[in-house]
Each structure stands twice: as C-alpha cells, then as structure tokens.
Amino acid sequence: MSQSGVPSFAELLAGTRRSAVHLEMRDAYGVGDEAEEFEQFKRTGHVDLDPTARWWPEWLGTVREAVGRGVVMRRARIVSEPVTDYIRWEHAATPLNVEAGELVRWLPRRKAVDIALPGADFWLFDDRLVQFNIFTGDGDWADPPKEFSEDPAVVKLCSDGFEAVWERAVDHEKYTV
C-alpha cells in the first residue's frame, strides 16, 4: 500500500484477476508528468514511441504482467470532434498501450449522448471496485486525485456505461484523428 494508505494503480491491478477497464471522457489533461512530451508534440508533431522513455517502462511492464496472467485490459476514450491537440497526441502514443496488450477504442462524444455515465473518468477492477480519477478545471490532478467505490449501484453504473461505450466505439486501428 502506498504511503498515503491509498492503493497505487499497480497494487490495484496486481489484485485484479479478470478485467480492468478504463473510461476516459476528457478532451485535455494538464498532468505534469505528460507536459514535456505533449509540448514537444505541439511543436514538432512527433511522438516518441520509445517504450523505455520516461514513465512508459513502469506502465507497460505493469500492463504486460497483468495481461500475461489473463487480465483483459480495455480502455475506451470518449472524444469531442474535431479532436483537441491533446487527443491527437494521445492517439499517436496509443500504439504503445496496444503493444503492451491493452485493447483501446474511441467513441465520438456525439455518439455517447444517450449513455448514462458517471461524472469522472474511472478504472473498474473485476466489476467490484471503481477508482475515479479526479481532475481540476485545468486538467491536472485534484487533491485528493482519486476516489473509490465498491457500492454495487456505482459499480453497475460504471460497468453498464463502459460496456455501452465499448459496444459503439471504434478500434484504435480504425479511428483516425
């Protein structure tokens, strides 16, 4: 358990046996650990797909380990169109997620208007625990940055919402920005 008493993502994923799904609904983030790469992309249009750069080795290793023991990892992104520069950058970097074993799909926001969704991005582990990612209006992590719920009604909302998005969404390889 992390020093704050809140489990880290790696700890949560290590305890996951079947599935981890992630729904992203924001068109821009301002999280500090991505700022340098995102600014470079805005200047050059280039994304560094080196899996050994910055935070990638830890993330990709965590994903590969989970997928290797049978956890199905799915990520769906609801995006406004035309997409923001951040979404362009995120799309260009997604091959690393896919290579590590994540399944990734994209859904234009206009196709999600009739889906009941929670008010924040989330991870859902084994249909039992939801980790909500909480951001400020500037797109950086809030304080505290995460909220958790095992409430069956909240889990069901997130599970049903994710599955509805997943069903309508387009595989990463077929979605162009």
# chains A, B, ... in the order shown; residues from 1 in each chain; ligands from 1
>>> residues_around(residues="A:Val83", least_positions_apart="5", cutoff="12 Å", atoms="only C-alpha atoms", output="JSON, numbers by chain")
{"A": [26, 27, 28, 77, 78, 88, 89, 90, 91, 106, 107, 108, 109, 175, 176, 177]}
>>> residues_around(residues="A:Phe148", least_positions_apart="5", cutoff="12 Å", atoms="only C-alpha atoms", output="PyMOL selection string")
chain A and resi 6-9+12+120-125+128-134+154-155
>>> select_by_dssp(residues="stretch 76-117 of chain A", states="helix (DSSP H, G or I)", output="JSON, numbers by chain")
{"A": [85, 86, 87, 88, 89, 90, 91, 92, 93, 94, 95, 96, 97, 98, 99, 100, 109, 110, 111]}
>>> atom_distance(atom1="atom CA of A:Gly30", atom2="atom CA of A:Cys158")
24.1 Å
>>> closest_residue(among="A:Ala14, A:Ala35, A:Leu157, A:Val170", to="A:Gly139", atoms="only C-alpha atoms")
A:Ala35
>>> closest_residue(among="A:Arg43, A:Arg17, A:Lys146, A:Lys111", to="A:Ala164", atoms="only C-alpha atoms")
A:Lys111
>>> residues_around(residues="A:Val165", least_positions_apart="6", cutoff="12 Å", atoms="only C-alpha atoms", output="MDAnalysis selection string")
chainID A and resid 21:25 74:79 104:117 158:159 171
>>> closest_residue(among="A:Thr16, A:Thr136, A:Thr94, A:Thr44", to="A:Met73", atoms="only C-alpha atoms")
A:Thr16
>>> atom_distance(atom1="atom CA of A:Phe162", atom2="atom CA of A:Val47")
28.0 Å
>>> select_by_dssp(residues="stretch 62-112 of chain A", states="strand (DSSP E)", output="list in words")
Val72, Met73, Arg74, Arg75, Ala76, Arg77, Ile78, Val79, Leu103, Val104, Arg105, Trp106, Leu107 and Pro108 of chain A
>>> residues_around(residues="A:Ala93", least_positions_apart="5", cutoff="10 Å", atoms="only C-alpha atoms", output="ChimeraX atom specification")
/A:46-50,87-88,98
>>> closest_residue(among="A:Ala92, A:Ala66, A:Val72, A:Ala153", to="A:Arg18", atoms="only C-alpha atoms")
A:Val72
